[in-house]
$ cat final-v2.txt   # compact mmCIF, N, CA and C atoms
# COMPACT_ATOMS: atom_id res chain seq x y z
N MET A 1 -24.50 166.52 54.45
CA MET A 1 -23.34 165.90 55.07
C MET A 1 -22.36 166.94 55.60
N ASP A 2 -22.40 168.15 55.04
CA ASP A 2 -21.51 169.20 55.54
C ASP A 2 -21.83 169.56 56.98
N PHE A 3 -23.13 169.53 57.31
CA PHE A 3 -23.53 169.84 58.67
C PHE A 3 -22.94 168.84 59.66
N LEU A 4 -23.02 167.56 59.32
CA LEU A 4 -22.49 166.54 60.22
C LEU A 4 -20.97 166.64 60.34
N GLN A 5 -20.32 166.95 59.25
CA GLN A 5 -18.87 167.11 59.28
C GLN A 5 -18.48 168.33 60.13
N ASP A 6 -19.21 169.42 59.97
CA ASP A 6 -18.94 170.61 60.78
C ASP A 6 -19.21 170.35 62.25
N LEU A 7 -20.28 169.63 62.53
CA LEU A 7 -20.60 169.29 63.92
C LEU A 7 -19.50 168.43 64.54
N TRP A 8 -19.04 167.44 63.79
CA TRP A 8 -17.97 166.57 64.29
C TRP A 8 -16.69 167.35 64.54
N LEU A 9 -16.34 168.23 63.61
CA LEU A 9 -15.13 169.04 63.79
C LEU A 9 -15.26 169.97 64.99
N PHE A 10 -16.45 170.52 65.21
CA PHE A 10 -16.68 171.38 66.36
C PHE A 10 -16.49 170.61 67.66
N ILE A 11 -17.09 169.41 67.74
CA ILE A 11 -16.98 168.59 68.95
C ILE A 11 -15.53 168.20 69.20
N LYS A 12 -14.84 167.82 68.14
CA LYS A 12 -13.46 167.37 68.27
C LYS A 12 -12.52 168.51 68.65
N GLU A 13 -12.71 169.67 68.02
CA GLU A 13 -11.80 170.78 68.24
C GLU A 13 -12.01 171.44 69.59
N ARG A 14 -13.25 171.57 70.00
CA ARG A 14 -13.55 172.28 71.25
C ARG A 14 -13.66 171.35 72.45
N LYS A 15 -13.45 170.06 72.25
CA LYS A 15 -13.49 169.05 73.31
C LYS A 15 -14.85 169.02 74.03
N LYS A 16 -15.92 169.07 73.24
CA LYS A 16 -17.27 169.03 73.78
C LYS A 16 -17.83 167.61 73.66
N TRP A 17 -17.14 166.66 74.24
CA TRP A 17 -17.52 165.26 74.09
C TRP A 17 -18.84 164.93 74.77
N TRP A 18 -19.27 165.79 75.71
CA TRP A 18 -20.54 165.54 76.38
C TRP A 18 -21.73 165.74 75.44
N LEU A 19 -21.51 166.38 74.29
CA LEU A 19 -22.59 166.57 73.33
C LEU A 19 -22.93 165.30 72.55
N VAL A 20 -21.99 164.38 72.47
CA VAL A 20 -22.21 163.17 71.66
C VAL A 20 -23.39 162.35 72.18
N PRO A 21 -23.49 162.03 73.48
CA PRO A 21 -24.66 161.26 73.94
C PRO A 21 -25.98 162.02 73.76
N VAL A 22 -25.94 163.33 73.92
CA VAL A 22 -27.16 164.14 73.75
C VAL A 22 -27.64 164.05 72.30
N ILE A 23 -26.73 164.17 71.36
CA ILE A 23 -27.09 164.10 69.94
C ILE A 23 -27.60 162.71 69.58
N ILE A 24 -26.97 161.69 70.11
CA ILE A 24 -27.41 160.31 69.82
C ILE A 24 -28.81 160.06 70.35
N VAL A 25 -29.10 160.51 71.57
CA VAL A 25 -30.43 160.32 72.15
C VAL A 25 -31.48 161.08 71.34
N LEU A 26 -31.18 162.31 70.93
CA LEU A 26 -32.12 163.08 70.13
C LEU A 26 -32.38 162.41 68.77
N LEU A 27 -31.34 161.87 68.16
CA LEU A 27 -31.53 161.17 66.89
C LEU A 27 -32.38 159.91 67.06
N LEU A 28 -32.14 159.16 68.14
CA LEU A 28 -32.93 157.95 68.38
C LEU A 28 -34.40 158.28 68.63
N ILE A 29 -34.66 159.33 69.37
CA ILE A 29 -36.05 159.73 69.62
C ILE A 29 -36.71 160.17 68.32
N GLY A 30 -35.98 160.92 67.49
CA GLY A 30 -36.52 161.34 66.21
C GLY A 30 -36.84 160.17 65.30
N VAL A 31 -35.94 159.20 65.23
CA VAL A 31 -36.17 158.01 64.41
C VAL A 31 -37.36 157.22 64.94
N LEU A 32 -37.46 157.11 66.26
CA LEU A 32 -38.58 156.38 66.86
C LEU A 32 -39.91 157.03 66.52
N ILE A 33 -39.97 158.34 66.55
CA ILE A 33 -41.21 159.04 66.23
C ILE A 33 -41.55 158.91 64.75
N VAL A 34 -40.55 159.03 63.88
CA VAL A 34 -40.81 158.92 62.44
C VAL A 34 -41.25 157.51 62.06
N VAL A 35 -40.57 156.52 62.58
CA VAL A 35 -40.90 155.13 62.24
C VAL A 35 -42.22 154.71 62.86
N GLY A 36 -42.44 155.11 64.09
CA GLY A 36 -43.65 154.68 64.79
C GLY A 36 -44.87 155.52 64.50
N GLY A 37 -44.71 156.63 63.82
CA GLY A 37 -45.83 157.52 63.56
C GLY A 37 -46.89 156.93 62.65
N GLY A 38 -46.50 156.12 61.70
CA GLY A 38 -47.46 155.59 60.75
C GLY A 38 -47.69 154.10 60.88
N SER A 39 -47.38 153.55 62.01
CA SER A 39 -47.53 152.10 62.15
C SER A 39 -48.52 151.76 63.27
N ALA A 40 -48.75 150.48 63.45
CA ALA A 40 -49.66 150.03 64.50
C ALA A 40 -49.03 150.12 65.88
N VAL A 41 -47.75 150.42 65.94
CA VAL A 41 -47.04 150.52 67.21
C VAL A 41 -47.18 151.92 67.80
N ALA A 42 -47.71 152.86 67.03
CA ALA A 42 -47.78 154.26 67.43
C ALA A 42 -48.43 154.48 68.80
N PRO A 43 -49.55 153.85 69.13
CA PRO A 43 -50.14 154.09 70.46
C PRO A 43 -49.22 153.67 71.61
N PHE A 44 -48.42 152.67 71.39
CA PHE A 44 -47.51 152.21 72.45
C PHE A 44 -46.31 153.15 72.59
N ILE A 45 -45.86 153.73 71.49
CA ILE A 45 -44.75 154.65 71.53
C ILE A 45 -45.16 155.94 72.23
N TYR A 46 -46.37 156.44 71.94
CA TYR A 46 -46.81 157.69 72.53
C TYR A 46 -47.02 157.57 74.03
N THR A 47 -47.27 156.37 74.53
CA THR A 47 -47.41 156.20 75.98
C THR A 47 -46.06 156.32 76.69
N LEU A 48 -44.97 156.15 75.97
CA LEU A 48 -43.65 156.32 76.59
C LEU A 48 -43.36 157.77 76.93
N PHE A 49 -43.96 158.69 76.21
CA PHE A 49 -43.71 160.10 76.43
C PHE A 49 -44.88 160.72 77.14
$ encode --input "final-v2.txt" --output "structure tokens"
Amino acid sequence: MDFLQDLWLFIKERKKWWLVPVIIVLLLIGVLIVVGGGSAVAPFIYTLF
């Protein structure tokens, strides 16, 4: 949790608000790969990339 707090303080202090959508998209892609990796949906997810 310290990493997330440090990241938030960095974004807030340095006014790097453009990083927020990039981080959200990367997190969503990571969750999609982890969740879809071991399921029957995996072949459909891999066709997206």
$ atom_distance --input "final-v2.txt" --atom1 "atom CA of Val25 of chain A" --atom2 "atom CA of Leu48 of chain A"
14.5 Å
$ atom_distance --input "final-v2.txt" --atom1 "atom N of Phe10 of chain A" --atom2 "atom CA of Ile33 of chain A"
27.3 Å
$ atom_distance --input "final-v2.txt" --atom1 "atom CA of Leu19 of chain A" --atom2 "atom CA of Asp6 of chain A"
13.7 Å
$ decode --input "final-v2.txt" --residues "segment 16-30 of chain A" --atoms "all heavy atoms" --output "compact mmCIF listing (two decimals), in the first residue's frame"
# COMPACT_ATOMS: atom_id res chain seq x y z
N LYS A 16 0.77 15.47 -12.47
CA LYS A 16 0.88 14.53 -13.59
C LYS A 16 -0.43 13.77 -13.75
O LYS A 16 -0.47 12.54 -13.74
CB LYS A 16 2.03 13.55 -13.36
CG LYS A 16 3.36 14.17 -13.15
CD LYS A 16 3.96 14.62 -14.46
CE LYS A 16 5.37 15.13 -14.23
NZ LYS A 16 5.97 15.69 -15.40
N TRP A 17 -1.51 14.49 -13.93
CA TRP A 17 -2.83 13.87 -13.98
C TRP A 17 -3.02 12.99 -15.21
O TRP A 17 -3.90 12.14 -15.23
CB TRP A 17 -3.92 14.94 -13.92
CG TRP A 17 -3.88 15.68 -12.62
CD1 TRP A 17 -3.53 16.98 -12.44
CD2 TRP A 17 -4.19 15.18 -11.32
NE1 TRP A 17 -3.58 17.32 -11.11
CE2 TRP A 17 -4.00 16.22 -10.40
CE3 TRP A 17 -4.60 13.93 -10.85
CZ2 TRP A 17 -4.21 16.06 -9.03
CZ3 TRP A 17 -4.80 13.78 -9.50
CH2 TRP A 17 -4.61 14.84 -8.61
N TRP A 18 -2.18 13.19 -16.24
CA TRP A 18 -2.31 12.36 -17.44
C TRP A 18 -1.87 10.92 -17.17
O TRP A 18 -2.18 10.02 -17.95
CB TRP A 18 -1.49 12.96 -18.58
CG TRP A 18 -0.03 13.10 -18.25
CD1 TRP A 18 0.58 14.16 -17.67
CD2 TRP A 18 0.98 12.11 -18.47
NE1 TRP A 18 1.92 13.91 -17.52
CE2 TRP A 18 2.20 12.66 -18.00
CE3 TRP A 18 0.98 10.84 -19.02
CZ2 TRP A 18 3.39 11.96 -18.06
CZ3 TRP A 18 2.18 10.14 -19.07
CH2 TRP A 18 3.37 10.71 -18.61
N LEU A 19 -1.19 10.67 -16.05
CA LEU A 19 -0.78 9.32 -15.71
C LEU A 19 -1.93 8.45 -15.20
O LEU A 19 -1.87 7.23 -15.27
CB LEU A 19 0.33 9.35 -14.65
CG LEU A 19 1.72 9.73 -15.12
CD1 LEU A 19 2.64 9.87 -13.92
CD2 LEU A 19 2.26 8.71 -16.08
N VAL A 20 -2.96 9.08 -14.67
CA VAL A 20 -4.06 8.33 -14.07
C VAL A 20 -4.75 7.41 -15.09
O VAL A 20 -4.92 6.22 -14.82
CB VAL A 20 -5.06 9.28 -13.38
CG1 VAL A 20 -6.28 8.53 -12.88
CG2 VAL A 20 -4.38 10.02 -12.24
N PRO A 21 -5.15 7.89 -16.28
CA PRO A 21 -5.78 6.96 -17.24
C PRO A 21 -4.83 5.86 -17.71
O PRO A 21 -5.26 4.72 -17.92
CB PRO A 21 -6.18 7.86 -18.42
CG PRO A 21 -6.08 9.24 -17.94
CD PRO A 21 -5.18 9.26 -16.77
N VAL A 22 -3.56 6.17 -17.83
CA VAL A 22 -2.58 5.16 -18.25
C VAL A 22 -2.49 4.05 -17.21
O VAL A 22 -2.51 2.86 -17.54
CB VAL A 22 -1.20 5.81 -18.48
CG1 VAL A 22 -0.15 4.76 -18.77
CG2 VAL A 22 -1.26 6.83 -19.59
N ILE A 23 -2.43 4.41 -15.95
CA ILE A 23 -2.34 3.43 -14.87
C ILE A 23 -3.62 2.59 -14.80
O ILE A 23 -3.57 1.37 -14.62
CB ILE A 23 -2.06 4.12 -13.53
CG1 ILE A 23 -0.66 4.73 -13.56
CG2 ILE A 23 -2.21 3.17 -12.36
CD1 ILE A 23 -0.34 5.64 -12.41
N ILE A 24 -4.76 3.23 -14.97
CA ILE A 24 -6.04 2.50 -14.92
C ILE A 24 -6.12 1.49 -16.05
O ILE A 24 -6.52 0.33 -15.85
CB ILE A 24 -7.23 3.48 -14.94
CG1 ILE A 24 -7.28 4.24 -13.62
CG2 ILE A 24 -8.54 2.75 -15.20
CD1 ILE A 24 -8.29 5.36 -13.59
N VAL A 25 -5.73 1.88 -17.26
CA VAL A 25 -5.78 0.96 -18.40
C VAL A 25 -4.83 -0.21 -18.18
O VAL A 25 -5.17 -1.36 -18.45
CB VAL A 25 -5.46 1.71 -19.71
CG1 VAL A 25 -5.20 0.76 -20.84
CG2 VAL A 25 -6.60 2.66 -20.06
N LEU A 26 -3.62 0.05 -17.68
CA LEU A 26 -2.68 -1.02 -17.42
C LEU A 26 -3.20 -1.99 -16.35
O LEU A 26 -3.04 -3.21 -16.48
CB LEU A 26 -1.33 -0.45 -17.00
CG LEU A 26 -0.51 0.22 -18.10
CD1 LEU A 26 0.74 0.86 -17.52
CD2 LEU A 26 -0.13 -0.79 -19.17
N LEU A 27 -3.83 -1.46 -15.32
CA LEU A 27 -4.40 -2.32 -14.29
C LEU A 27 -5.54 -3.18 -14.85
O LEU A 27 -5.64 -4.37 -14.53
CB LEU A 27 -4.90 -1.48 -13.12
CG LEU A 27 -3.83 -0.91 -12.20
CD1 LEU A 27 -4.46 0.03 -11.18
CD2 LEU A 27 -3.06 -2.01 -11.50
N LEU A 28 -6.39 -2.59 -15.68
CA LEU A 28 -7.49 -3.35 -16.27
C LEU A 28 -6.99 -4.46 -17.19
O LEU A 28 -7.52 -5.57 -17.18
CB LEU A 28 -8.44 -2.41 -17.03
CG LEU A 28 -9.30 -1.51 -16.17
CD1 LEU A 28 -10.11 -0.56 -17.05
CD2 LEU A 28 -10.22 -2.33 -15.29
N ILE A 29 -5.97 -4.17 -17.97
CA ILE A 29 -5.40 -5.20 -18.84
C ILE A 29 -4.78 -6.31 -18.01
O ILE A 29 -4.94 -7.50 -18.32
CB ILE A 29 -4.37 -4.58 -19.81
CG1 ILE A 29 -5.09 -3.73 -20.85
CG2 ILE A 29 -3.56 -5.66 -20.51
CD1 ILE A 29 -4.17 -2.93 -21.74
N GLY A 30 -4.08 -5.95 -16.94
CA GLY A 30 -3.49 -6.96 -16.06
C GLY A 30 -4.54 -7.84 -15.41
O GLY A 30 -4.39 -9.07 -15.36
